[in-house]
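Worksheet for the structure shown next.
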4 protein chains.
Amino acid sequence: VSDGRVGIALAGFGYWGPNLARNVVACQDTKLVAICDRDPDRRALASRLHPSVAVVSDWSEALTAPDVEAAVIATPVASHLALAELAIDAEKHLLIEKPLAATAEDARRLVAAAHARNLALMVDHTFLYTGAVRRLREIVGSGELGELRFFDSTRVSLGLIQSDVSALWDLAVHDLTILEYVTGRWPTAASATGAQHDPSPQPSCAFVTLYYDDTFIAHVNVNWLSPVKIRRTLVCGNQKMAVLDDLESSEKLKVYDAGYDAVSTAAAADEHVGPPPVRRRVGDVWSPLVDDREALLVEIAAFATYVRGGEVPHNDGRSGVAIIEILEAAAVSMALRGEPVEITYR
Amino acid sequence: VSDGRVGIALAGFGYWGPNLARNVVACQDTKLVAICDRDPDRRALASRLHPSVAVVSDWSEALTAPDVEAAVIATPVASHLALAELAIDAEKHLLIEKPLAATAEDARRLVAAAHARNLALMVDHTFLYTGAVRRLREIVGSGELGELRFFDSTRVSLGLIQSDVSALWDLAVHDLTILEYVTGRWPTAASATGAQHDPSPQPSCAFVTLYYDDTFIAHVNVNWLSPVKIRRTLVCGNQKMAVLDDLESSEKLKVYDAGYDAVSTAAAADEHVGPPPVRRRVGDVWSPLVDDREALLVEIAAFATYVRGGEVPHNDGRSGVAIIEILEAAAVSMALRGEPVEITYR
Amino acid sequence: VSDGRVGIALAGFGYWGPNLARNVVACQDTKLVAICDRDPDRRALASRLHPSVAVVSDWSEALTAPDVEAAVIATPVASHLALAELAIDAEKHLLIEKPLAATAEDARRLVAAAHARNLALMVDHTFLYTGAVRRLREIVGSGELGELRFFDSTRVSLGLIQSDVSALWDLAVHDLTILEYVTGRWPTAASATGAQHDPSPQPSCAFVTLYYDDTFIAHVNVNWLSPVKIRRTLVCGNQKMAVLDDLESSEKLKVYDAGYDAVSTAAAADEHVGPPPVRRRVGDVWSPLVDDREALLVEIAAFATYVRGGEVPHNDGRSGVAIIEILEAAAVSMALRGEPVEITYR
Amino acid sequence: VSDGRVGIALAGFGYWGPNLARNVVACQDTKLVAICDRDPDRRALASRLHPSVAVVSDWSEALTAPDVEAAVIATPVASHLALAELAIDAEKHLLIEKPLAATAEDARRLVAAAHARNLALMVDHTFLYTGAVRRLREIVGSGELGELRFFDSTRVSLGLIQSDVSALWDLAVHDLTILEYVTGRWPTAASATGAQHDPSPQPSCAFVTLYYDDTFIAHVNVNWLSPVKIRRTLVCGNQKMAVLDDLESSEKLKVYDAGYDAVSTAAAADEHVGPPPVRRRVGDVWSPLVDDREALLVEIAAFATYVRGGEVPHNDGRSGVAIIEILEAAAVSMALRGEPVEITYR
């Protein structure tokens with residue numbers, strides 16, 4: 001575009017689309033050019049909020065609007081593949097809502113197609129752009145927590161029930177991306193349980209345990225039917241422990257100088273039963289300052305950088321595929337009432 | 001005893017014993033007669049706190065102190081069977097720390113022995129005597145929540161690691177008793193995962209899913225190595241939902257008039273994908289007043305009533321056996337990385 | 001305007017102006033036509049966020065943009081009078097940031113001028129449009145709390161220090177409007193204390209007590225230099241009590257069925273000292289559902305209604321004058337270290 | 001006494017007396033010898049909880065019990081003087097509930113009498129022995145917060161209304177002792193407001209501002225009729241700020257690396273109005289570990305040390321007198337609706 005900003009066409013102006021649109025407008029490196037939605041009421045809303053943007057019902061028309069260089073897709077998962085393929089055919093870069101596609105196979109197909117055309121493909125894993133998650137990754141990466149023991153994440157609320165995906169696919173995808181981003185590790189097997197409760201057509205809660213090639217373990221609890229909203233993640237090492245509470249307005253991230261120290265076996269010699277010879281260590285709590293910019297704004301700026309040939313983001317297409325490979329293993333396990341299922345990454 | 005109070009001999013003055021002793025003293029229906037502990041330091045403390053009570057190192061001696069009618073056992077689990085059998089031989093009624101015994105078989109043996117001598121046998125499942133849990137049971141029992149969908153309980157902290165039991169046996173036992181007490185239902189199968197992390201000699205975290213003969217599902221998350229302390233239980237029905245937060249100093253129990261209502265299919269006809277035709281219903285929140293007496297005091301009064309031939313408590317020996325049967329199934333499943341295991345109640 | 005929406009010119013695109021602009025855009029009854037700011041950086045931002053709106057540096061120019069029917073003034077207090085008078089001269093209706101003007105005299109002058117031209121004049125007391133405050137007013141009005149005893153409001157944070165007004169004028173103005181809106185009562189005298197601390201040029205904290213013609217009492221604590229953010233208001237009657245916590249993401253409003261009941265004097269006869277013959281009554285807590293729409297959006301819709309000749313809002317110009325009359329009395333008292341000062345309403 | 005422990009006679013087994021008794025028993029340096037209460041029900045309770053202690057209705061009898069070296073007085077304030085004088089006549093050291101006496105004059109009389117007999121006299125200002133308050137004093141004393149600006153403390157709840165003292169005397173006494181202990185400063189003038197509401201015979205709420213010989217300012221808000229319980233103290237310096245929340249089960253104390261930094265006047269030159277040329281600095285939050293032993297136990301050990309000729313505690317009689325001198329000035333101010341009153345220390 002003449003002013004150097006990346007021109008964007010947006011597909012889907014439902015729940016998340018308006019947030020994407022607002023941040024594409026707010027970002028200095030992008031420009032909102034077109035919005036596409038099938039629903040006339042949503043189009044009317046889009047026109048009122050963005051009077052200078054082309055609002056259309058046909059995706060092909062949106063893609064051919066002047067100056068469009070990239071497509072942002074925020075429609076139901078089932079439609080990701082078709083809409084993204086149209087955009088790839090039109091040589092547009094892509095930012096696609098999570099999960100990337102309805103199956104790992106579809107996701108791999110998209111990655112291959114974008115790669116063949118040399119187009120950027122990024123999955124909207126927004127949480128990777130929150131200040132708290134980024135800071136947590138730094139802290140874990142620095143070794144300050146010591147050797148990691150477990151990751152335990154809860155994401156429950158009275159949620160926006162989806163028709164075409166389960167709570168596992170809709171919610172746990174966030175925790176899985178945070179898990180990998182923060183620890184840098186990929187699980188080897190999944191055991192998942194859950195249940196479907198009306199009015200959700202798909203399983204509405206899921207309890208997922210992920211195994212690794214050592215004793216590190218991860219657990220994710222997601223639920224669409226919880227009366228209270230909880231978004232809390234524990235990451236514990238053998239030196240320190242961190243807690244991320246995304247609902248706190250301040251002090252979202254805390255690091256606990258806590259754990260257990262061994263005591264001399266002499267002192268503990270006679271204790272055949274009872275507590276083992278350890279001393280609980282509870283120390284100071286430290287809440288590091290975190291960047292409080294809106295994550296979606298930071299992510300869209302990263303997308304613009306990627307489109308312009310800059311840094312490849314962590315949440316590129318390949319990462320999106322691997323996350324779906326975990327989800328698929330968990331879904332198989334859930335159908336088998338928790339029987340462990342190996343995860344295969346292709 | 002002359003004054004009508006039940007005379008008590010207490011075995012174990014470690015972590016929990018002092019609380020039992022203090023409440024046996026405070027209860028109008030019981031009298032603390034003897035305290036037994038192997039450790040001279042703990043005996044010295046017992047003597048200072050209870051100068052008028054016999055403090056001994058030999059359990060048989062404690063049992064033969066004048067006026068002893070009942071024994072309270074608060075020693076490591078491995079010793080429950082032997083100490084309880086001594087008490088039964090001495091014709092003493094029994095209040096035993098949870099879990100009742102190290103195995104379901106041992107527990108059944110104790111129940112049979114007590115029954116043969118016509119002695120009261122109660123397991124210290126203290127949470128059944130908190131005002132909040134009792135009120136929650138009433139609310140669920142009244143049908144106010146509608147048909148139950150799920151129970152999800154988290155009990156984690158930087159805890160008192162035990163040598164002879166895992167976090168599953170030490171912590172989840174609380175959630176399982178609350179689960180059964182509140183819902184009146186027994187699960188049919190368990191899928192459990194977890195891991196052992198130093199310095200705990202046994203598994204230090206456990207994630208347990210319990211299946212029932214319908215779509216109701218229960219999940220329990222316990223962990224000895226959590227930096228934050230959480231004790232929260234969600235019980236959700238298709239009409240209303242309840243949350244019990246045991247760490248709140250007030251408003252421990254809340255009932256949410258929340259859920260989803262179906263909307264007419266006409267209005268929803270055209271929505272092939274996206275949210276299903278439901279409307280989220282978020283209404284008032286109600287926090288009923290709950291009895292805030294110390295649970296242990298209420299429980300000890302109930303034990304005295306039971307000893308005197310009054311009401312048989314919910315947490316009698318048979319209940320203690322069944323809880324261990326669930327724990328044993330969960331432990332087997334955990335060793336199999338979540339493979340579901342049927343629960344057999346004998 | 002042709003489409004029936006009220007065309008708006010906005011003065012000031014600093015801290016609050018962008019929120020006003022965003023909501024004028026979102027409101028179905030208003031249309032953002034022009035934005036005016038002296039600062040070129042702010043104008044550049046306004047242009048990017050609102051590409052279809054005229055962005056100018058001269059207020060007269062903004063007022064003469066096509067279709068402008070009303071002016072929204074969100075500049076520093078010292079400039080309210082002059083900018084508003086220009087708008088009144090141009091026959092524009094007015095929505096002015098709080099406090100309405102720098103002095104009660106100026107405020108009265110504006111009210112008279114607007115009245116003379118038959119123009120709507122509304123003060124942006126946003127909190128009167130939050131669901132929680134509106135619900136609280138209903139509850140108090142229904143008599144459910146009984147006879148009111150006290151109102152106690154705290155509004156502290158590490159705030160946006162202003163150069164031309166004190167924390168009293170900038171923050172307490174919110175609590176005073178809520179106080180009057182909820183109770184329907186106007187205080188007769190003020191005792192205020194406070195202090196000025198660098199880097200605030202004006203008093204940075206204020207502790208205001210308001211007296212009434214009976215024993216009802218109100219207290220307001222505001223502070224720009226608090227490390228923690230608190231926005232909590234207690235309203236207590238002799239039957240029930242209500243608490244509004246504006247920082248809660250849910251359950252912002254709670255009603256406590258709590259208080260004291262007298263006990264028979266017979267039972268209390270012998271107690272010469274010690275607690276009086278009353279019994280503390282602690283009952284259920286009820287958190288009524290409140291409208292969670294953005295308050296500013298609701299307020300702008302109310303402004304449009306007012307402009308179109310509909311309902312006169314509670315926060316009209318006269319109300320804005322009276323609030324400043326309280327602020328002026330409090331400021332005099334503060335300079336006298338708490339000496340009580342009568343409040344005169346003209 | 002033969003075993004070296006300080007023998008204690010306790011007057012008053014009402015609300016606080018049982019806590020004192022329990023801790024006198026738990027403390028290794030003290031021994032509970034006698035309990036005195038006029039009420040037969042309270043005596044019966046005392047006998048059940050402390051079967052080996054002499055329980056009497058006559059204070060003189062308690063004082064003459066064998067081995068009594070010190071008296072602890074936990075009766076209504078009006079009776080402190082008489083009971084304490086009896087104890088002084090009997091050559092007993094004294095630990096007296098706060099406030100020390102009903103008037104500063106009475107308090108000075110007690111201090112003089114104890115001093116004449118060379119007896120220890122300590123006021124039970126329990127909060128000075130909490131780990132959080134002690135740590136806060138260290139932090140302030142280290143200069144880490146910089147130059148102090150303000151202290152703001154709130155202590156409200158649905159409380160234990162007293163007949164013979166107001167909420168000011170019963171509750172604010174805690175905040176005043178913490179204020180002096182933490183800052184090491186004594187105020188020069190008080191402005192207080194408040195009101196009396198049934199069923200409290202005395203003023204049930206008080207809002208006290210304390211002035212010093214510089215711009216440091218302190219504010220205390222106490223209330224017996226609040227539906228929610230709040231116990232929060234802010235201490236802010238020009239470098240950092242601290243918050244003490246006594247109701248938190250962990251992280252009671254937090255230090256905020258927050259404040260404002262001046263920015264260069266060049267950058268700020270053109271800003272005639274609007275925010276002053278400062279930059280808000282929000283940094284990490286640090287929650288130092290604090291001693292979590294029961295404060296009363298620590299205090300009783302300090303009393304025993306004092307009795308045995310060791311360290312004179314901060315809360316000695318003279319300190320108790322000065323606190324009452326502040327309370328008396330505040331009470332005068334409150335009767336004058338906030339008119340400032342100078343505080344005279346004798």
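Ordering of the structure tokens sets the chain letters (A, B, ...); residue numbers start at 1 within each chain; ligands are numbered from 1 in the order shown.
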Exercise. Going by DSSP on the backbone, which bits of region 55-201 of chain A are strand (DSSP E)? Write them as JSON, numbers by chain, please.
Key: {"A": [55, 56, 68, 69, 70, 71, 72, 73, 93, 94, 95, 96, 97, 121, 122, 123, 124, 148, 149, 150, 151, 152, 153, 154, 155, 156, 157, 158, 189, 190, 191, 192, 193, 194, 195]}
Exercise. Show me which bits of chain A are within 12 Å of chain D, counting only C-alpha atoms, as a count of residues only.
Key: 21
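With only C-alpha atoms as the atoms that count, the residue of C:Thr75, C:Asn223, C:Thr209, C:Thr215 with the shortest distance to His197 (chain C) is C:Asn223.
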Quiz item: Hey, can you check how far CA of Asn19 (chain B) sits from CA of Ala84 (chain B)?
Solution: 19.7 Å
Let's see if you can do this: from backbone DSSP, list all alpha helix (DSSP H) residues in region 41-123 of chain B, as a PDB file with C-alpha atoms, in the first residue's frame.
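Result file selection.pdb:
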```
ATOM      1  CA  ASP B  41       9.340 -34.165  72.539  1.00  0.00           C
ATOM      2  CA  ARG B  42       5.736 -34.585  71.525  1.00  0.00           C
ATOM      3  CA  ARG B  43       4.924 -36.071  74.931  1.00  0.00           C
ATOM      4  CA  ALA B  44       6.520 -33.049  76.614  1.00  0.00           C
ATOM      5  CA  LEU B  45       4.382 -30.736  74.509  1.00  0.00           C
ATOM      6  CA  ALA B  46       1.277 -32.781  75.293  1.00  0.00           C
ATOM      7  CA  SER B  47       2.010 -32.509  79.003  1.00  0.00           C
ATOM      8  CA  ARG B  48       2.422 -28.762  78.840  1.00  0.00           C
ATOM      9  CA  LEU B  49      -0.782 -28.216  76.871  1.00  0.00           C
ATOM     10  CA  TRP B  59      -0.711 -47.485  73.704  1.00  0.00           C
ATOM     11  CA  SER B  60      -1.819 -50.370  75.911  1.00  0.00           C
ATOM     12  CA  GLU B  61      -1.160 -48.225  78.938  1.00  0.00           C
ATOM     13  CA  ALA B  62      -3.226 -45.396  77.470  1.00  0.00           C
ATOM     14  CA  LEU B  63      -6.092 -47.771  76.751  1.00  0.00           C
ATOM     15  CA  HIS B  80      -3.855 -47.811  62.065  1.00  0.00           C
ATOM     16  CA  LEU B  81      -4.642 -51.494  61.859  1.00  0.00           C
ATOM     17  CA  ALA B  82      -2.452 -52.625  64.748  1.00  0.00           C
ATOM     18  CA  LEU B  83      -3.377 -49.769  67.084  1.00  0.00           C
ATOM     19  CA  ALA B  84      -7.059 -50.131  66.300  1.00  0.00           C
ATOM     20  CA  GLU B  85      -7.002 -53.866  66.886  1.00  0.00           C
ATOM     21  CA  LEU B  86      -5.475 -53.296  70.302  1.00  0.00           C
ATOM     22  CA  ALA B  87      -8.250 -50.846  71.083  1.00  0.00           C
ATOM     23  CA  ILE B  88     -10.928 -53.235  69.847  1.00  0.00           C
ATOM     24  CA  ASP B  89      -9.462 -55.975  71.997  1.00  0.00           C
ATOM     25  CA  ALA B 104      -9.361 -51.915  51.679  1.00  0.00           C
ATOM     26  CA  GLU B 105      -8.743 -55.388  53.033  1.00  0.00           C
ATOM     27  CA  ASP B 106      -7.325 -54.032  56.293  1.00  0.00           C
ATOM     28  CA  ALA B 107     -10.187 -51.588  56.517  1.00  0.00           C
ATOM     29  CA  ARG B 108     -12.772 -54.322  56.061  1.00  0.00           C
ATOM     30  CA  ARG B 109     -11.031 -56.354  58.751  1.00  0.00           C
ATOM     31  CA  LEU B 110     -11.344 -53.464  61.193  1.00  0.00           C
ATOM     32  CA  VAL B 111     -14.994 -52.925  60.381  1.00  0.00           C
ATOM     33  CA  ALA B 112     -15.706 -56.592  60.947  1.00  0.00           C
ATOM     34  CA  ALA B 113     -13.818 -56.652  64.244  1.00  0.00           C
ATOM     35  CA  ALA B 114     -15.577 -53.573  65.589  1.00  0.00           C
ATOM     36  CA  HIS B 115     -18.913 -54.909  64.455  1.00  0.00           C
ATOM     37  CA  ALA B 116     -18.271 -58.235  66.178  1.00  0.00           C
TER      38      ALA B 116
END
```
Self-check item: d(CA of Pro66 (chain B), CA of Gly17 (chain B)) in Å
Solution: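 Separating CA of Pro66 (chain B) from CA of Gly17 (chain B) is a distance of 20.5 Å.
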Practice problem: Work out how far CA of Val298 (chain D) is from CA of Glu91 (chain D), in Å to one decimal. | Solution: 24.2 Å
Quiz item: Of the residues B:Ala54, B:Val140, B:Val173, B:Ala34, which is the one nearest to Ala101 (chain B), using only C-alpha atoms?
Solution: B:Val173
Exercise. Excluding Glu294 (chain A) and residues on its chain fewer than 4 positions from it, collect all residues at most 10 Å away from it, counting only C-alpha atoms, and give them as a PyMOL selection string.
Key: chain A and resi 23+126+129-131+298-299
Self-check item: Exercise: Trp186 (chain B) partners within 9 Å, only C-alpha atoms, chain neighbours under 4 positions left out, as a ChimeraX atom specification
Solution: /B:179-180,212,322,326
Once you have the residues from the selection above, write them out as a short mmCIF file (atom, residue, chain, number, x, y, z; two decimals), in the first residue's frame, restricted to N, CA and C atoms.
```
data_model
loop_
_atom_site.label_atom_id
_atom_site.label_comp_id
_atom_site.auth_asym_id
_atom_site.auth_seq_id
_atom_site.Cartn_x
_atom_site.Cartn_y
_atom_site.Cartn_z
N LEU B 179 -17.54 -35.62 47.83
CA LEU B 179 -18.26 -36.00 46.61
C LEU B 179 -19.42 -36.94 46.93
N GLU B 180 -19.13 -37.99 47.67
CA GLU B 180 -20.18 -38.98 47.95
C GLU B 180 -21.22 -38.40 48.90
N TYR B 212 -19.60 -42.54 36.22
CA TYR B 212 -20.79 -43.06 36.87
C TYR B 212 -21.63 -43.80 35.82
N ALA B 322 -15.41 -48.09 51.60
CA ALA B 322 -15.77 -47.80 50.20
C ALA B 322 -14.88 -46.70 49.62
N ILE B 326 -12.34 -46.89 46.22
CA ILE B 326 -12.15 -45.95 45.11
C ILE B 326 -10.67 -45.60 44.98
#
```
Env of Lys229 (chain A): 8 Å cut, atoms = only C-alpha atoms, seq-sep filter 5 positions within chain, self excluded. Answer as a JSON list (two decimals) with N, CA, C and O atoms, in the first residue's frame.
```json
[["chain", "number", "residue", "atom", "x", "y", "z"],
["A", 155, "ARG", "N", -8.96, -23.60, 32.85],
["A", 155, "ARG", "CA", -9.59, -22.57, 32.02],
["A", 155, "ARG", "C", -11.08, -22.91, 31.92],
["A", 155, "ARG", "O", -11.51, -23.64, 31.03],
["A", 156, "VAL", "N", -11.83, -22.41, 32.87],
["A", 156, "VAL", "CA", -13.25, -22.77, 32.91],
["A", 156, "VAL", "C", -14.09, -21.50, 33.07],
["A", 156, "VAL", "O", -13.64, -20.51, 33.63],
["A", 157, "SER", "N", -15.29, -21.55, 32.56],
["A", 157, "SER", "CA", -16.23, -20.43, 32.71],
["A", 157, "SER", "C", -17.56, -20.86, 32.12],
["A", 157, "SER", "O", -17.69, -21.95, 31.56],
["A", 158, "LEU", "N", -18.54, -20.01, 32.28],
["A", 158, "LEU", "CA", -19.80, -20.22, 31.57],
["A", 158, "LEU", "C", -19.54, -19.65, 30.19],
["A", 158, "LEU", "O", -19.66, -18.44, 29.97]]
```
Exercise. Do a neighbour search on Ile343 (chain B) at 7 Å with only C-alpha atoms, toss out local chain neighbours closer than 6 positions, and write the hits as a ChimeraX atom specification.
Key: /B:188-190,325-326,329
Output for the residues just chosen: C-alpha atoms as a tab-separated table (two decimals), in the first residue's frame:
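Generated file (selection37.tsv):
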```tsv
chain	number	residue	atom	x	y	z
B	188	THR	CA	-18.27	-47.08	38.82
B	189	ALA	CA	-14.83	-46.50	37.26
B	190	ALA	CA	-11.74	-44.37	37.74
B	325	GLU	CA	-11.97	-49.02	47.33
B	326	ILE	CA	-12.15	-45.95	45.11
B	329	ALA	CA	-8.91	-48.33	41.76
```
Quiz prompt | Exercise: Lys31 (chain A) partners within 8 Å, only C-alpha atoms, chain neighbours under 2 positions left out, as JSON, numbers by chain | solution = {"A": [5, 6, 7, 8, 24, 25, 27, 28, 29, 33]}
Residue selection dump (all heavy atoms) as a PDB file, in the first residue's frame:
```
ATOM      1  N   ARG A   5       1.541   0.340   5.141  1.00  0.00           N
ATOM      2  CA  ARG A   5       0.835  -0.542   6.058  1.00  0.00           C
ATOM      3  C   ARG A   5       0.304  -1.763   5.307  1.00  0.00           C
ATOM      4  O   ARG A   5      -0.026  -1.684   4.124  1.00  0.00           O
ATOM      5  CB  ARG A   5      -0.333   0.208   6.714  1.00  0.00           C
ATOM      6  CG  ARG A   5       0.159   1.293   7.671  1.00  0.00           C
ATOM      7  CD  ARG A   5      -0.990   1.860   8.483  1.00  0.00           C
ATOM      8  NE  ARG A   5      -1.694   2.885   7.752  1.00  0.00           N
ATOM      9  CZ  ARG A   5      -2.890   3.361   8.109  1.00  0.00           C
ATOM     10  NH1 ARG A   5      -3.498   2.873   9.177  1.00  0.00           N
ATOM     11  NH2 ARG A   5      -3.475   4.296   7.405  1.00  0.00           N
ATOM     12  N   VAL A   6       0.211  -2.889   6.036  1.00  0.00           N
ATOM     13  CA  VAL A   6      -0.307  -4.106   5.431  1.00  0.00           C
ATOM     14  C   VAL A   6      -1.830  -4.022   5.368  1.00  0.00           C
ATOM     15  O   VAL A   6      -2.499  -3.911   6.395  1.00  0.00           O
ATOM     16  CB  VAL A   6       0.124  -5.345   6.252  1.00  0.00           C
ATOM     17  CG1 VAL A   6      -0.505  -6.611   5.663  1.00  0.00           C
ATOM     18  CG2 VAL A   6       1.644  -5.460   6.307  1.00  0.00           C
ATOM     19  N   GLY A   7      -2.367  -4.090   4.148  1.00  0.00           N
ATOM     20  CA  GLY A   7      -3.821  -4.043   3.982  1.00  0.00           C
ATOM     21  C   GLY A   7      -4.444  -5.387   4.322  1.00  0.00           C
ATOM     22  O   GLY A   7      -3.950  -6.433   3.899  1.00  0.00           O
ATOM     23  N   ILE A   8      -5.525  -5.360   5.110  1.00  0.00           N
ATOM     24  CA  ILE A   8      -6.103  -6.587   5.662  1.00  0.00           C
ATOM     25  C   ILE A   8      -7.556  -6.741   5.240  1.00  0.00           C
ATOM     26  O   ILE A   8      -8.353  -5.803   5.331  1.00  0.00           O
ATOM     27  CB  ILE A   8      -6.071  -6.536   7.211  1.00  0.00           C
ATOM     28  CG1 ILE A   8      -4.648  -6.324   7.749  1.00  0.00           C
ATOM     29  CG2 ILE A   8      -6.769  -7.747   7.823  1.00  0.00           C
ATOM     30  CD1 ILE A   8      -3.847  -7.555   8.029  1.00  0.00           C
ATOM     31  N   VAL A  24      -6.550  -4.240  14.258  1.00  0.00           N
ATOM     32  CA  VAL A  24      -5.957  -3.969  12.944  1.00  0.00           C
ATOM     33  C   VAL A  24      -5.989  -2.454  12.687  1.00  0.00           C
ATOM     34  O   VAL A  24      -5.033  -1.869  12.168  1.00  0.00           O
ATOM     35  CB  VAL A  24      -6.703  -4.749  11.839  1.00  0.00           C
ATOM     36  CG1 VAL A  24      -6.328  -4.224  10.449  1.00  0.00           C
ATOM     37  CG2 VAL A  24      -6.393  -6.239  11.940  1.00  0.00           C
ATOM     38  N   VAL A  25      -7.080  -1.821  13.129  1.00  0.00           N
ATOM     39  CA  VAL A  25      -7.172  -0.360  12.986  1.00  0.00           C
ATOM     40  C   VAL A  25      -6.157   0.335  13.897  1.00  0.00           C
ATOM     41  O   VAL A  25      -5.484   1.295  13.506  1.00  0.00           O
ATOM     42  CB  VAL A  25      -8.607   0.119  13.310  1.00  0.00           C
ATOM     43  CG1 VAL A  25      -8.655   1.632  13.445  1.00  0.00           C
ATOM     44  CG2 VAL A  25      -9.573  -0.342  12.232  1.00  0.00           C
ATOM     45  N   CYS A  27      -3.348  -0.776  15.139  1.00  0.00           N
ATOM     46  CA  CYS A  27      -1.937  -1.073  14.874  1.00  0.00           C
ATOM     47  C   CYS A  27      -1.381  -0.121  13.806  1.00  0.00           C
ATOM     48  O   CYS A  27      -2.016   0.107  12.773  1.00  0.00           O
ATOM     49  CB  CYS A  27      -1.820  -2.530  14.408  1.00  0.00           C
ATOM     50  SG  CYS A  27      -0.128  -3.012  14.011  1.00  0.00           S
ATOM     51  N   GLN A  28      -0.208   0.392  14.063  1.00  0.00           N
ATOM     52  CA  GLN A  28       0.385   1.352  13.130  1.00  0.00           C
ATOM     53  C   GLN A  28       0.847   0.713  11.825  1.00  0.00           C
ATOM     54  O   GLN A  28       1.092   1.414  10.853  1.00  0.00           O
ATOM     55  CB  GLN A  28       1.582   2.038  13.792  1.00  0.00           C
ATOM     56  CG  GLN A  28       1.153   2.989  14.918  1.00  0.00           C
ATOM     57  CD  GLN A  28       2.312   3.783  15.440  1.00  0.00           C
ATOM     58  OE1 GLN A  28       3.328   3.210  15.805  1.00  0.00           O
ATOM     59  NE2 GLN A  28       2.182   5.099  15.462  1.00  0.00           N
ATOM     60  N   ASP A  29       0.997  -0.614  11.841  1.00  0.00           N
ATOM     61  CA  ASP A  29       1.569  -1.289  10.678  1.00  0.00           C
ATOM     62  C   ASP A  29       0.534  -1.974   9.791  1.00  0.00           C
ATOM     63  O   ASP A  29       0.898  -2.625   8.808  1.00  0.00           O
ATOM     64  CB  ASP A  29       2.590  -2.344  11.144  1.00  0.00           C
ATOM     65  CG  ASP A  29       3.656  -1.716  12.011  1.00  0.00           C
ATOM     66  OD1 ASP A  29       4.035  -0.559  11.736  1.00  0.00           O
ATOM     67  OD2 ASP A  29       4.091  -2.365  12.984  1.00  0.00           O
ATOM     68  N   VAL A  33      -9.037  -3.040   5.430  1.00  0.00           N
ATOM     69  CA  VAL A  33      -9.535  -2.678   4.104  1.00  0.00           C
ATOM     70  C   VAL A  33     -10.929  -3.235   3.843  1.00  0.00           C
ATOM     71  O   VAL A  33     -11.791  -2.549   3.303  1.00  0.00           O
ATOM     72  CB  VAL A  33      -8.554  -3.178   3.018  1.00  0.00           C
ATOM     73  CG1 VAL A  33      -9.113  -2.923   1.629  1.00  0.00           C
ATOM     74  CG2 VAL A  33      -7.191  -2.530   3.196  1.00  0.00           C
TER      75      VAL A  33
END
```
